[in-house]
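Asks: Here you go, protein_3.txt (compact mmCIF, C-alpha atoms and all ligand atoms):
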```
# COMPACT_ATOMS: atom_id res chain seq x y z
CA MET A 22 -139.63 64.22 29.01
CA THR A 23 -140.63 65.04 25.47
CA ASN A 24 -138.50 63.70 22.66
CA GLN A 25 -138.33 64.90 19.09
CA GLY A 26 -139.71 62.57 16.46
CA VAL A 27 -137.51 60.30 14.37
CA ALA A 28 -137.97 59.80 10.63
CA GLY A 29 -141.62 60.88 10.60
CA VAL A 30 -142.50 59.08 13.82
CA PRO A 31 -144.46 61.34 16.21
CA ALA A 32 -142.72 62.76 19.29
CA ALA A 33 -142.52 60.27 22.11
CA ASN A 34 -142.77 60.40 25.88
CA LEU A 35 -140.47 57.59 26.78
CA GLY A 36 -140.21 56.28 30.32
CA PRO A 37 -136.64 55.89 31.58
CA VAL A 38 -134.43 53.14 30.26
CA ILE A 39 -133.42 51.12 33.33
CA CYS A 40 -129.81 49.94 32.92
CA VAL A 41 -128.76 47.11 35.22
CA VAL A 42 -125.28 46.29 36.50
CA GLY A 43 -124.45 43.74 39.16
CA ALA A 44 -121.06 42.12 38.94
CA ARG A 45 -117.59 43.16 37.83
CA PRO A 46 -117.84 42.15 34.15
CA ASN A 47 -121.00 44.27 33.75
CA PHE A 48 -119.39 47.61 34.53
CA MET A 49 -117.10 47.83 31.48
CA LYS A 50 -120.04 46.87 29.24
CA MET A 51 -122.48 49.42 30.67
CA ALA A 52 -120.12 52.41 30.98
CA PRO A 53 -119.91 53.14 27.23
CA ILE A 54 -123.65 52.57 26.82
CA LEU A 55 -124.45 55.19 29.44
CA ARG A 56 -122.07 57.65 27.78
CA ALA A 57 -123.66 57.01 24.39
CA MET A 58 -127.20 57.40 25.78
CA ALA A 59 -126.22 60.70 27.43
CA ALA A 60 -124.73 61.97 24.15
CA HIS A 61 -127.67 60.81 22.04
CA VAL A 62 -129.89 63.49 20.54
CA PRO A 63 -132.56 63.48 21.77
CA ARG A 64 -131.17 62.36 25.10
CA VAL A 65 -132.40 58.98 26.28
CA PRO A 66 -133.57 59.14 29.93
CA VAL A 67 -131.69 56.54 32.00
CA LEU A 68 -131.90 55.07 35.51
CA LEU A 69 -128.82 53.09 36.60
CA VAL A 70 -129.55 50.21 38.97
CA HIS A 71 -126.70 48.33 40.70
CA THR A 72 -127.89 45.07 42.21
CA GLY A 73 -124.88 44.93 44.56
CA GLN A 74 -124.02 41.34 43.54
CA HIS A 75 -120.42 42.55 43.72
CA TYR A 76 -119.91 45.01 46.53
CA ASP A 77 -116.19 45.21 47.48
CA GLN A 78 -114.33 48.39 46.58
CA ALA A 79 -111.98 46.19 44.49
CA MET A 80 -114.77 44.34 42.68
CA SER A 81 -117.14 47.27 42.24
CA GLY A 82 -116.47 50.81 43.55
CA ARG A 83 -113.03 51.17 42.00
CA LEU A 84 -114.29 50.05 38.59
CA PHE A 85 -116.94 52.77 38.65
CA GLU A 86 -114.15 55.32 39.13
CA ASP A 87 -111.85 53.82 36.46
CA LEU A 88 -114.61 53.63 33.87
CA GLY A 89 -116.10 57.06 34.56
CA LEU A 90 -119.36 55.33 35.42
CA GLN A 91 -121.98 57.53 37.10
CA ARG A 92 -123.03 56.60 40.64
CA PRO A 93 -125.98 54.20 40.56
CA ASP A 94 -129.38 55.82 41.07
CA VAL A 95 -130.46 52.72 43.00
CA ASN A 96 -128.35 50.09 44.79
CA LEU A 97 -130.21 46.91 45.71
CA GLU A 98 -127.31 45.73 47.95
CA VAL A 99 -128.02 42.01 47.53
CA GLY A 100 -124.44 40.83 48.17
CA SER A 101 -123.29 37.20 48.02
CA GLY A 102 -125.34 34.04 48.38
CA THR A 103 -126.19 30.78 46.67
CA HIS A 104 -127.43 31.14 43.10
CA ALA A 105 -131.02 30.73 44.28
CA VAL A 106 -130.74 33.22 47.11
CA GLN A 107 -128.85 35.77 45.04
CA THR A 108 -131.23 35.53 42.08
CA ALA A 109 -134.31 35.65 44.31
CA ASP A 110 -133.01 38.63 46.29
CA VAL A 111 -132.29 40.59 43.14
CA MET A 112 -135.81 39.84 41.86
CA ARG A 113 -137.53 40.82 45.10
CA ARG A 114 -135.62 44.08 45.37
CA PHE A 115 -135.77 44.99 41.68
CA GLU A 116 -139.55 44.63 41.33
CA PRO A 117 -140.47 47.78 43.34
CA VAL A 118 -137.93 49.79 41.32
CA VAL A 119 -139.66 48.78 38.10
CA ASP A 120 -143.06 49.58 39.63
CA ALA A 121 -141.90 53.01 40.77
CA HIS A 122 -140.33 54.13 37.49
CA ALA A 123 -142.50 52.71 34.67
CA PRO A 124 -139.48 52.16 32.38
CA SER A 125 -139.70 52.00 28.62
CA CYS A 126 -137.36 49.00 28.77
CA VAL A 127 -134.81 47.24 30.98
CA VAL A 128 -131.31 46.90 29.55
CA VAL A 129 -129.20 44.00 30.85
CA VAL A 130 -125.66 43.03 29.85
CA GLY A 131 -123.72 39.78 29.84
CA ASP A 132 -124.57 36.61 31.72
CA VAL A 133 -124.37 37.04 35.48
CA ASN A 134 -127.14 36.17 37.95
CA SER A 135 -128.25 39.83 38.11
CA THR A 136 -128.74 39.80 34.31
CA LEU A 137 -131.26 36.98 34.40
CA ALA A 138 -132.96 38.07 37.64
CA CYS A 139 -133.76 41.58 36.37
CA ALA A 140 -134.78 40.30 32.94
CA LEU A 141 -137.29 37.93 34.57
CA VAL A 142 -138.83 40.68 36.68
CA ALA A 143 -139.19 42.99 33.70
CA VAL A 144 -140.66 40.52 31.22
CA LYS A 145 -143.34 39.38 33.66
CA LYS A 146 -144.43 42.99 34.02
CA GLY A 147 -144.70 43.43 30.29
CA ILE A 148 -141.59 45.63 30.15
CA PRO A 149 -139.39 44.82 27.15
CA VAL A 150 -135.97 43.38 27.98
CA VAL A 151 -132.97 44.47 25.94
CA HIS A 152 -129.97 42.13 26.11
CA ILE A 153 -126.50 43.32 25.22
CA GLU A 154 -124.01 40.55 24.36
CA ALA A 155 -126.81 38.20 23.32
CA GLY A 156 -126.41 34.83 21.62
CA LEU A 157 -123.03 33.73 22.98
CA ARG A 158 -123.03 30.00 23.72
CA SER A 159 -120.44 27.69 25.26
CA TYR A 160 -122.87 24.77 24.86
CA ASP A 161 -121.86 23.77 28.39
CA ARG A 162 -124.94 23.81 30.58
CA THR A 163 -122.92 23.12 33.73
CA MET A 164 -121.82 26.77 33.57
CA PRO A 165 -124.23 28.99 35.50
CA GLU A 166 -123.56 31.73 32.94
CA GLU A 167 -124.76 29.51 30.07
CA ILE A 168 -128.13 29.06 31.78
CA ASN A 169 -128.31 32.82 32.36
CA ARG A 170 -127.50 33.50 28.68
CA ILE A 171 -130.06 31.08 27.23
CA LEU A 172 -132.89 32.19 29.50
CA THR A 173 -132.19 35.91 29.19
CA ASP A 174 -132.13 35.67 25.40
CA GLN A 175 -135.42 33.76 25.36
CA ILE A 176 -137.22 36.58 27.16
CA SER A 177 -135.53 39.52 25.45
CA ALA A 178 -137.31 41.68 22.88
CA ARG A 179 -134.20 43.33 21.41
CA LEU A 180 -130.92 41.41 21.26
CA TYR A 181 -127.57 43.06 20.46
CA THR A 182 -124.76 40.74 19.37
CA THR A 183 -120.97 40.99 19.37
CA GLU A 184 -120.27 38.51 16.57
CA ARG A 185 -122.21 37.09 13.66
CA THR A 186 -122.30 33.48 14.92
CA ALA A 187 -124.35 34.70 17.89
CA GLU A 188 -127.31 35.39 15.58
CA ASP A 189 -127.08 31.84 14.20
CA ASN A 190 -127.23 30.51 17.78
CA LEU A 191 -130.28 32.64 18.53
CA VAL A 192 -132.15 31.73 15.37
CA ARG A 193 -131.51 28.03 16.11
CA GLU A 194 -133.22 28.60 19.47
CA GLY A 195 -136.28 30.05 17.77
CA ILE A 196 -135.59 33.76 18.21
CA PRO A 197 -136.75 35.76 15.15
CA SER A 198 -133.78 37.31 13.36
CA GLN A 199 -135.57 40.68 13.16
CA HIS A 200 -135.21 40.92 16.97
CA VAL A 201 -131.43 40.59 16.66
CA CYS A 202 -129.04 43.42 15.82
CA PHE A 203 -125.30 42.89 15.19
CA VAL A 204 -123.54 45.93 16.65
CA GLY A 205 -120.06 44.76 17.69
CA ASN A 206 -118.55 44.61 21.16
CA VAL A 207 -119.01 47.27 23.86
CA MET A 208 -116.07 45.77 25.80
CA ILE A 209 -113.82 47.21 23.11
CA ASP A 210 -115.36 50.67 23.56
CA SER A 211 -114.06 50.49 27.14
CA VAL A 212 -110.63 49.24 26.05
CA VAL A 213 -110.37 52.26 23.73
CA TYR A 214 -111.64 54.59 26.48
CA GLY A 215 -109.11 53.29 29.03
CA ARG A 216 -106.11 52.97 26.73
CA ALA A 217 -104.54 56.37 27.44
CA SER A 218 -104.90 56.06 31.22
CA ALA A 219 -103.90 52.38 31.63
CA ARG A 220 -101.36 51.90 34.45
CA SER A 221 -98.05 50.21 33.69
CA ALA A 222 -97.25 46.86 35.32
CA SER A 223 -94.46 48.38 37.40
CA GLU A 224 -96.76 51.15 38.72
CA THR A 225 -99.32 48.50 39.65
CA LEU A 226 -96.80 46.32 41.47
CA GLN A 227 -95.38 49.32 43.32
CA ALA A 228 -98.89 50.37 44.36
CA CYS A 229 -99.27 46.87 45.87
CA GLN A 230 -95.91 47.19 47.70
CA MET A 231 -94.36 44.60 45.38
CA ASP A 232 -90.92 44.79 43.78
CA PRO A 233 -91.45 45.50 40.04
CA THR A 234 -88.03 44.08 39.13
CA VAL A 235 -89.58 40.60 39.60
CA LEU A 236 -91.01 41.15 36.12
CA SER A 237 -87.74 42.11 34.42
CA CYS A 238 -87.09 38.97 32.47
CA PRO A 239 -86.08 38.82 28.77
CA ALA A 240 -89.19 36.73 28.07
CA GLY A 241 -91.40 39.40 29.62
CA TYR A 242 -94.15 38.37 32.02
CA GLY A 243 -97.47 36.58 31.97
CA VAL A 244 -100.79 37.61 33.54
CA VAL A 245 -103.11 35.08 35.18
CA THR A 246 -106.74 35.25 36.29
CA LEU A 247 -108.88 32.30 37.37
CA HIS A 248 -112.30 32.40 38.97
CA ARG A 249 -114.64 29.91 37.26
CA PRO A 250 -116.17 27.53 39.82
CA SER A 251 -115.20 24.63 37.49
CA ASN A 252 -111.53 25.65 37.86
CA VAL A 253 -111.24 26.86 41.41
CA ASP A 254 -113.93 25.20 43.54
CA ASN A 255 -112.42 21.69 43.39
CA ALA A 256 -109.17 21.16 45.33
CA GLU A 257 -107.59 18.73 42.86
CA THR A 258 -108.43 20.83 39.79
CA LEU A 259 -107.07 23.97 41.43
CA ARG A 260 -103.95 22.12 42.57
CA ALA A 261 -103.28 20.84 39.02
CA LEU A 262 -103.74 24.33 37.58
CA LEU A 263 -101.41 25.88 40.17
CA GLU A 264 -98.81 23.20 39.41
CA ALA A 265 -99.03 23.96 35.69
CA LEU A 266 -98.70 27.68 36.45
CA ALA A 267 -95.67 27.00 38.68
CA GLU A 268 -94.02 25.26 35.72
CA VAL A 269 -94.86 28.18 33.43
CA ALA A 270 -93.50 30.56 36.08
CA GLY A 271 -90.16 28.76 35.75
CA ARG A 272 -90.00 30.16 32.18
CA LEU A 273 -91.45 33.63 32.71
CA PRO A 274 -92.65 35.46 35.82
CA LEU A 275 -96.40 35.58 36.35
CA VAL A 276 -98.70 38.20 37.86
CA PHE A 277 -101.80 36.55 39.27
CA ALA A 278 -104.73 38.92 40.01
CA LEU A 279 -106.75 36.90 42.50
CA HIS A 280 -110.54 36.85 42.54
CA PRO A 281 -111.88 36.59 46.14
CA ARG A 282 -113.28 33.12 45.39
CA THR A 283 -109.87 31.88 44.22
CA ARG A 284 -107.94 33.44 47.09
CA SER A 285 -110.20 31.88 49.67
CA ASN A 286 -110.04 28.46 47.96
CA ILE A 287 -106.22 28.51 47.76
CA ASP A 288 -106.20 29.07 51.54
CA ARG A 289 -109.04 26.63 52.27
CA PHE A 290 -107.41 23.80 50.26
CA GLY A 291 -103.93 24.52 51.72
CA LEU A 292 -102.39 25.23 48.27
CA ALA A 293 -100.50 28.45 49.10
CA GLY A 294 -97.21 26.48 49.16
CA LEU A 295 -97.48 25.93 45.37
CA VAL A 296 -96.92 29.63 44.79
CA ASP A 297 -93.25 30.72 44.60
CA PRO A 298 -93.45 34.42 45.50
CA LEU A 299 -90.28 35.18 43.52
CA ARG A 300 -91.84 33.89 40.28
CA MET A 301 -95.56 34.36 40.82
CA VAL A 302 -96.77 37.68 42.20
CA LEU A 303 -100.20 37.40 43.83
CA LEU A 304 -102.23 40.59 43.68
CA PRO A 305 -105.70 41.44 44.99
CA PRO A 306 -108.43 42.03 42.35
CA GLN A 307 -107.20 44.88 40.22
CA GLY A 308 -108.91 47.98 38.92
CA TYR A 309 -109.83 48.31 35.26
CA LEU A 310 -106.90 50.57 34.35
CA GLU A 311 -104.42 48.30 36.16
CA MET A 312 -105.70 45.20 34.33
CA GLN A 313 -105.53 46.98 30.99
CA GLY A 314 -101.92 48.00 31.63
CA LEU A 315 -100.92 44.57 32.92
CA MET A 316 -102.40 42.86 29.86
CA ALA A 317 -101.09 45.38 27.32
CA GLY A 318 -97.51 44.79 28.51
CA ALA A 319 -97.78 41.00 28.86
CA THR A 320 -96.22 38.30 26.70
CA VAL A 321 -99.18 36.05 27.39
CA VAL A 322 -102.41 36.07 29.41
CA LEU A 323 -103.63 32.81 30.96
CA THR A 324 -107.26 33.03 32.01
CA ASP A 325 -110.71 31.51 32.33
CA SER A 326 -112.45 34.90 32.00
CA GLY A 327 -114.70 35.69 29.05
CA GLY A 328 -113.85 39.39 29.09
CA LEU A 329 -110.10 38.84 29.05
CA GLN A 330 -110.40 36.63 25.96
CA GLU A 331 -111.95 39.62 24.19
CA GLU A 332 -109.67 42.29 25.61
CA THR A 333 -106.49 40.41 24.67
CA THR A 334 -107.82 40.07 21.12
CA ALA A 335 -108.36 43.85 21.07
CA LEU A 336 -104.88 44.47 22.50
CA GLY A 337 -103.18 41.96 20.19
CA VAL A 338 -101.76 39.99 23.15
CA ALA A 339 -101.64 36.18 23.10
CA CYS A 340 -104.29 34.58 25.32
CA LEU A 341 -104.46 30.99 26.57
CA THR A 342 -107.90 30.08 27.83
CA LEU A 343 -107.78 27.45 30.58
CA ARG A 344 -111.20 26.00 29.80
CA GLU A 345 -112.58 23.21 27.63
CA ASN A 346 -114.88 25.56 25.71
CA THR A 347 -115.56 29.19 24.99
CA GLU A 348 -118.72 31.11 24.20
CA ARG A 349 -116.57 33.60 22.28
CA PRO A 350 -115.33 31.64 19.24
CA ILE A 351 -114.42 34.75 17.28
CA THR A 352 -111.51 35.37 19.66
CA ILE A 353 -110.10 32.05 18.45
CA GLU A 354 -111.00 32.35 14.76
CA HIS A 355 -109.91 35.98 14.33
CA GLY A 356 -108.23 36.96 17.56
CA THR A 357 -105.24 35.94 19.67
CA ASN A 358 -107.01 33.36 21.81
CA THR A 359 -106.20 29.63 22.03
CA LEU A 360 -108.29 27.16 23.99
CA VAL A 361 -105.79 25.01 25.92
CA GLY A 362 -108.00 23.37 28.52
CA ARG A 363 -106.57 22.36 31.88
CA ASP A 364 -103.94 19.81 30.92
CA ARG A 365 -100.55 20.75 32.36
CA ASN A 366 -98.51 19.62 29.33
CA ALA A 367 -100.82 21.44 26.91
CA ILE A 368 -100.58 24.66 28.93
CA VAL A 369 -96.78 24.54 29.19
CA ALA A 370 -96.39 23.61 25.48
CA ALA A 371 -98.64 26.51 24.43
CA VAL A 372 -96.57 28.95 26.49
CA GLU A 373 -93.37 27.57 24.91
CA GLU A 374 -94.84 28.22 21.44
CA ILE A 375 -95.55 31.84 22.37
CA LEU A 376 -92.07 32.31 23.87
CA ALA A 377 -90.63 30.92 20.63
CA GLY A 378 -92.41 33.74 18.77
CA ARG A 379 -95.12 31.51 17.32
CA GLY A 380 -98.04 33.02 19.25
CA LYS A 381 -101.21 34.02 17.39
CA ARG A 382 -101.13 37.57 16.08
CA GLY A 383 -104.83 37.79 15.30
CA ARG A 384 -106.87 40.63 13.84
CA LEU A 385 -109.74 42.72 15.12
CA PRO A 386 -113.16 41.13 14.60
CA GLU A 387 -115.79 42.99 12.59
CA LEU A 388 -117.23 46.07 14.35
CA TRP A 389 -114.90 45.77 17.37
CA ASP A 390 -114.08 49.39 16.64
CA GLY A 391 -114.85 51.33 19.82
CA HIS A 392 -118.20 52.67 18.51
CA THR A 393 -120.57 49.87 19.47
CA ALA A 394 -122.35 51.79 22.23
CA GLU A 395 -123.21 54.61 19.82
CA ARG A 396 -124.79 52.07 17.46
CA ILE A 397 -126.76 50.60 20.36
CA ALA A 398 -128.02 54.00 21.57
CA ALA A 399 -129.13 54.99 18.07
CA ASP A 400 -130.89 51.69 17.37
CA LEU A 401 -132.44 51.46 20.82
CA TYR A 402 -133.93 54.95 20.65
CA GLN A 403 -135.44 54.31 17.25
CA TRP A 404 -136.72 50.91 18.35
CA LEU A 405 -138.39 52.36 21.46
CA VAL A 406 -140.04 55.18 19.54
CA LEU A 407 -141.35 52.84 16.84
CA ARG A 408 -142.58 50.41 19.48
CA GLN A 409 -144.42 53.21 21.25
CA ALA A 410 -145.92 54.45 17.98
CA ARG A 411 -147.17 50.93 17.24
CA THR A 412 -148.75 50.67 20.71
CA VAL A 413 -150.54 54.01 20.21
CA LEU A 414 -151.71 52.97 16.75
CA ASN A 415 -153.02 49.64 18.07
CA SER A 416 -154.98 51.33 20.84
CA VAL A 417 -156.52 53.82 18.36
CA THR A 418 -157.53 51.11 15.88
CA ALA A 419 -158.71 48.62 18.53
C1 LIG B 501 -119.76 36.31 39.07
C2 LIG B 501 -120.47 35.82 37.79
C3 LIG B 501 -119.45 35.41 36.75
C4 LIG B 501 -118.44 36.51 36.50
C5 LIG B 501 -117.80 36.87 37.84
C6 LIG B 501 -116.75 37.94 37.74
C7 LIG B 501 -122.64 34.69 38.13
C8 LIG B 501 -123.32 33.39 38.07
N1 LIG B 501 -121.30 34.65 38.07
O1 LIG B 501 -119.06 35.19 39.60
O2 LIG B 501 -120.12 35.14 35.54
O3 LIG B 501 -117.47 36.08 35.59
O4 LIG B 501 -118.85 37.33 38.70
O5 LIG B 501 -116.18 38.14 38.98
O6 LIG B 501 -123.28 35.70 38.24
N2 LIG B 501 -117.04 38.17 46.68
C9 LIG B 501 -116.37 39.10 47.40
N3 LIG B 501 -116.58 40.41 47.10
C10 LIG B 501 -117.42 40.80 46.12
C11 LIG B 501 -118.12 39.83 45.41
C12 LIG B 501 -117.93 38.52 45.68
O7 LIG B 501 -115.59 38.79 48.29
O8 LIG B 501 -117.57 42.02 45.90
C13 LIG B 501 -116.81 36.76 46.97
C14 LIG B 501 -117.83 36.16 47.88
O9 LIG B 501 -117.21 35.25 48.71
C15 LIG B 501 -118.74 35.42 46.92
C16 LIG B 501 -117.77 34.99 45.83
O10 LIG B 501 -116.81 36.06 45.75
O11 LIG B 501 -119.41 34.39 47.50
C17 LIG B 501 -118.39 34.76 44.50
O12 LIG B 501 -119.16 35.90 44.11
P1 LIG B 501 -120.44 35.71 43.16
O13 LIG B 501 -121.03 37.02 42.81
O14 LIG B 501 -121.34 34.70 43.76
O15 LIG B 501 -119.85 35.03 41.88
P2 LIG B 501 -118.49 35.21 41.08
O16 LIG B 501 -117.68 34.00 41.27
O17 LIG B 501 -117.84 36.52 41.37
```
Would you mind giving the structure from this file in structure tokens?
Ligand code: UD1
Replies:
Amino acid sequence: MTNQGVAGVPAANLGPVICVVGARPNFMKMAPILRAMAAHVPRVPVLLVHTGQHYDQAMSGRLFEDLGLQRPDVNLEVGSGTHAVQTADVMRRFEPVVDAHAPSCVVVVGDVNSTLACALVAVKKGIPVVHIEAGLRSYDRTMPEEINRILTDQISARLYTTERTAEDNLVREGIPSQHVCFVGNVMIDSVVYGRASARSASETLQACQMDPTVLSCPAGYGVVTLHRPSNVDNAETLRALLEALAEVAGRLPLVFALHPRTRSNIDRFGLAGLVDPLRMVLLPPQGYLEMQGLMAGATVVLTDSGGLQEETTALGVACLTLRENTERPITIEHGTNTLVGRDRNAIVAAVEEILAGRGKRGRLPELWDGHTAERIAADLYQWLVLRQARTVLNSVTA
């Protein structure tokens, strides 16, 4: 494909941009980027690769539909496994795709195993890696995602950040600031995209054959998601969290959208008895539009998800993060997020504060404006063309 030149740079023949998705939190980040690339003039050629890390209709297929995401051009179908097996399988299956398509770069988002695996394959083949949502740090190296973030950033050539502190983190780790570009948060592009079609909480409950009147309480309702291994893989930790949630549910009804890992651990550890079905509605993993509607109508969201911390800040809904740290400090400094940890009294007290009308109101962080993907597409195109022009110049002068 021939592209027109940009700002005096000669026309370029760019190979496709390979965009990688793998797990649920990747889809809402990549969808706006693909739309922006398709709308970019000249059009940026794209190949969408799904690693298949998440494969259920609820964790994957339905999100493609909700987000208007094109069908993947390639599905590596790696499925579940230990971290080593999953990462290795993605690498083995991704390598021939890179060989076959000679991409101009590989774009990865977020911090899941597929992010790191594909970045490693690309960099070792001399293909530049572009990381979206770079520089976030929890400074907790027991989190698999923290390892994925640090390593992916180290081998990326272009790094797009969601908040200004991310660049400070990267520079501290030796990454030149000219490789970093602050663009805002693509998650918010998806929130804006989905706003008009978000499903109401009562529609969602009805679709799950649940009685929506469970949520009619003067205090409103709360939404819960938990899936971090540090919260749900240990029986005692999960028990303590469910007990805290049962106490909260005594004050306002809760809707708990269960990740498959959490559902299976509740059963495996024999903790189902801690859930009062009249106060805590357990739902299967929800689609994007259902989650947006559930959160938008909620009094409070209790979660250990990174994405929900950001989405609640965008929606102006109070968020209590049931973790000891967050890699997204701006949601605390500017947004509606409060880090409450896992202590039962702290969780219940924080909910009481919100019910008393003293929840954080927050404001939108800089550049969380729904136009981040357009900024990425524009910068990326220019960066690729300049990079190609430099390569041509070097080969001529060599
Ligand atoms: C992964 C990401 C995490 C992200 C989360 C969102 C890593 C290291 N972790 O964690 O950062 O927040 O996705 O969900 O990449 N399962 C299904 N169906 C599926 C996918 C998974 O039933 O479609 C079950 C399997 O039992 C699997 C388990 O969920 O073993 C965990 O899946 P996995 O992809 O290993 O990690 P997540 O916990 O989902």
Asks: Could you list, as a list in words, all protein and nucleic acid residues with an atom at most 7 Å from ligand LIG 501 (chain B), counting all atoms listed in the file?
Replies: Ala44, Arg45, Pro46, Gln74, His75, Tyr76, Asp77, Met80, Ser81, Gly100, Ser101, Gly102, Thr103, His104, Asp132, Val133, Asn134, Ser135, Pro165, Glu166, His248, Arg249, Pro250, His280, Pro281, Arg282 and Ser326 of chain A
Asks: Go through A:Val245, A:Ala398, A:Arg272, A:Ala57 and flag the residue nearest Val151 (chain A), using only C-alpha atoms for the distances.
Replies: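 That would be A:Ala398, the residue with the smallest distance to Val151 (chain A).
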Asks: Would you mind telling me which residue in A:Glu264, A:Asp232, A:Glu224, A:Asp120 lies nearest to Met312 (chain A) when using only C-alpha atoms?
Replies: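 The answer is A:Glu224, which sits nearest to Met312 (chain A).
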Asks: Identify, on the basis of all atoms listed in the file, every residue whose closest approach to region 299-307 of chain A does not exceed 7 Å; exclude the query and any residue fewer than 4 positions from it along the same chain; express the result as JSON, numbers by chain.
Replies: {"A": [79, 80, 235, 270, 274, 275, 276, 277, 278, 279, 280, 311, 312]}
Asks: Can you measure CA of Ala265 (chain A) to CA of Thr347 (chain A) for me? One decimal in Å is fine.
Replies: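 These two atoms are separated by 20.4 Å.
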Asks: Rounded to one decimal in Å, what is the spacing between CA of Pro350 (chain A) and CA of Gly337 (chain A)?
Replies: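 Here the two named atoms are 16.0 Å from each other.
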Asks: Give me, as a PDB file with C-alpha atoms, keeping the file's coordinate frame, all polymer residues having an atom no more than 8 Å from Thr136 (chain A), counting all atoms listed in the file and skipping those fewer than 3 positions away in the same chain.
Replies:
```pdb
ATOM      1  CA  VAL A  41    -128.760  47.110  35.220  1.00  0.00           C
ATOM      2  CA  VAL A  42    -125.280  46.290  36.500  1.00  0.00           C
ATOM      3  CA  GLY A  43    -124.450  43.740  39.160  1.00  0.00           C
ATOM      4  CA  VAL A 129    -129.200  44.000  30.850  1.00  0.00           C
ATOM      5  CA  VAL A 130    -125.660  43.030  29.850  1.00  0.00           C
ATOM      6  CA  GLY A 131    -123.720  39.780  29.840  1.00  0.00           C
ATOM      7  CA  ASP A 132    -124.570  36.610  31.720  1.00  0.00           C
ATOM      8  CA  VAL A 133    -124.370  37.040  35.480  1.00  0.00           C
ATOM      9  CA  CYS A 139    -133.760  41.580  36.370  1.00  0.00           C
ATOM     10  CA  ALA A 140    -134.780  40.300  32.940  1.00  0.00           C
ATOM     11  CA  ASN A 169    -128.310  32.820  32.360  1.00  0.00           C
ATOM     12  CA  THR A 173    -132.190  35.910  29.190  1.00  0.00           C
TER      13      THR A 173
END
```
Asks: Fewer than 6 positions away in the same chain doesn't count, so skip those; otherwise give me all residues within 8 Å of region 87-99 of chain A, counting all atoms listed in the file, as a list in words.
Replies: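 So the residues in contact are Phe48, Met49, Ala52, Leu55, Leu68, Leu69, Val70, His71, Thr72, Gly73, Gln74, Tyr76, Gln107, Asp110, Val111, Arg114, Phe115, Ser211, Gly215, Gly308, Tyr309 and Leu310 of chain A.
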Asks: Restricting the calculation to only C-alpha atoms: of A:Ala219, A:Ile168, A:Leu405, A:Ile351, which residue gets closest to Gly36 (chain A)?
Replies: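 Using only C-alpha atoms, Gly36 (chain A) sits closest to A:Leu405.
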Asks: Using only C-alpha atoms, which of A:Glu184, A:Glu86, A:Asp189, A:Asp325 sits nearest Leu247 (chain A)?
Replies: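 That would be A:Asp325, the residue with the smallest distance to Leu247 (chain A).
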Asks: A:Ile176, A:Leu341, A:Leu388, A:Ala370: which is nearest Val204 (chain A), counting all atoms listed in the file?
Replies: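 Result for the nearest residue to Val204 (chain A): A:Leu388.
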Asks: Considering all atoms listed in the file, can you say which of A:Arg411, A:Arg382, A:Arg170, A:His152 comes closest to Val128 (chain A)?
Replies: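 Closest to Val128 (chain A) of all the choices is A:His152.
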Asks: Can you work out the spacing between CA of Thr183 (chain A) and CA of Pro124 (chain A) in Å, to one decimal?
Replies: 25.2 Å
Asks: Axis-aligned box over every listed atom of region 190-204 of chain A, padded by 6 Å per side: centre and edges in Å to one decimal, as AutoDock Vina command-line options?
Replies:
```
--center_x -130.1 --center_y 37.0 --center_z 16.3 --size_x 25.2 --size_y 29.9 --size_z 18.3
```
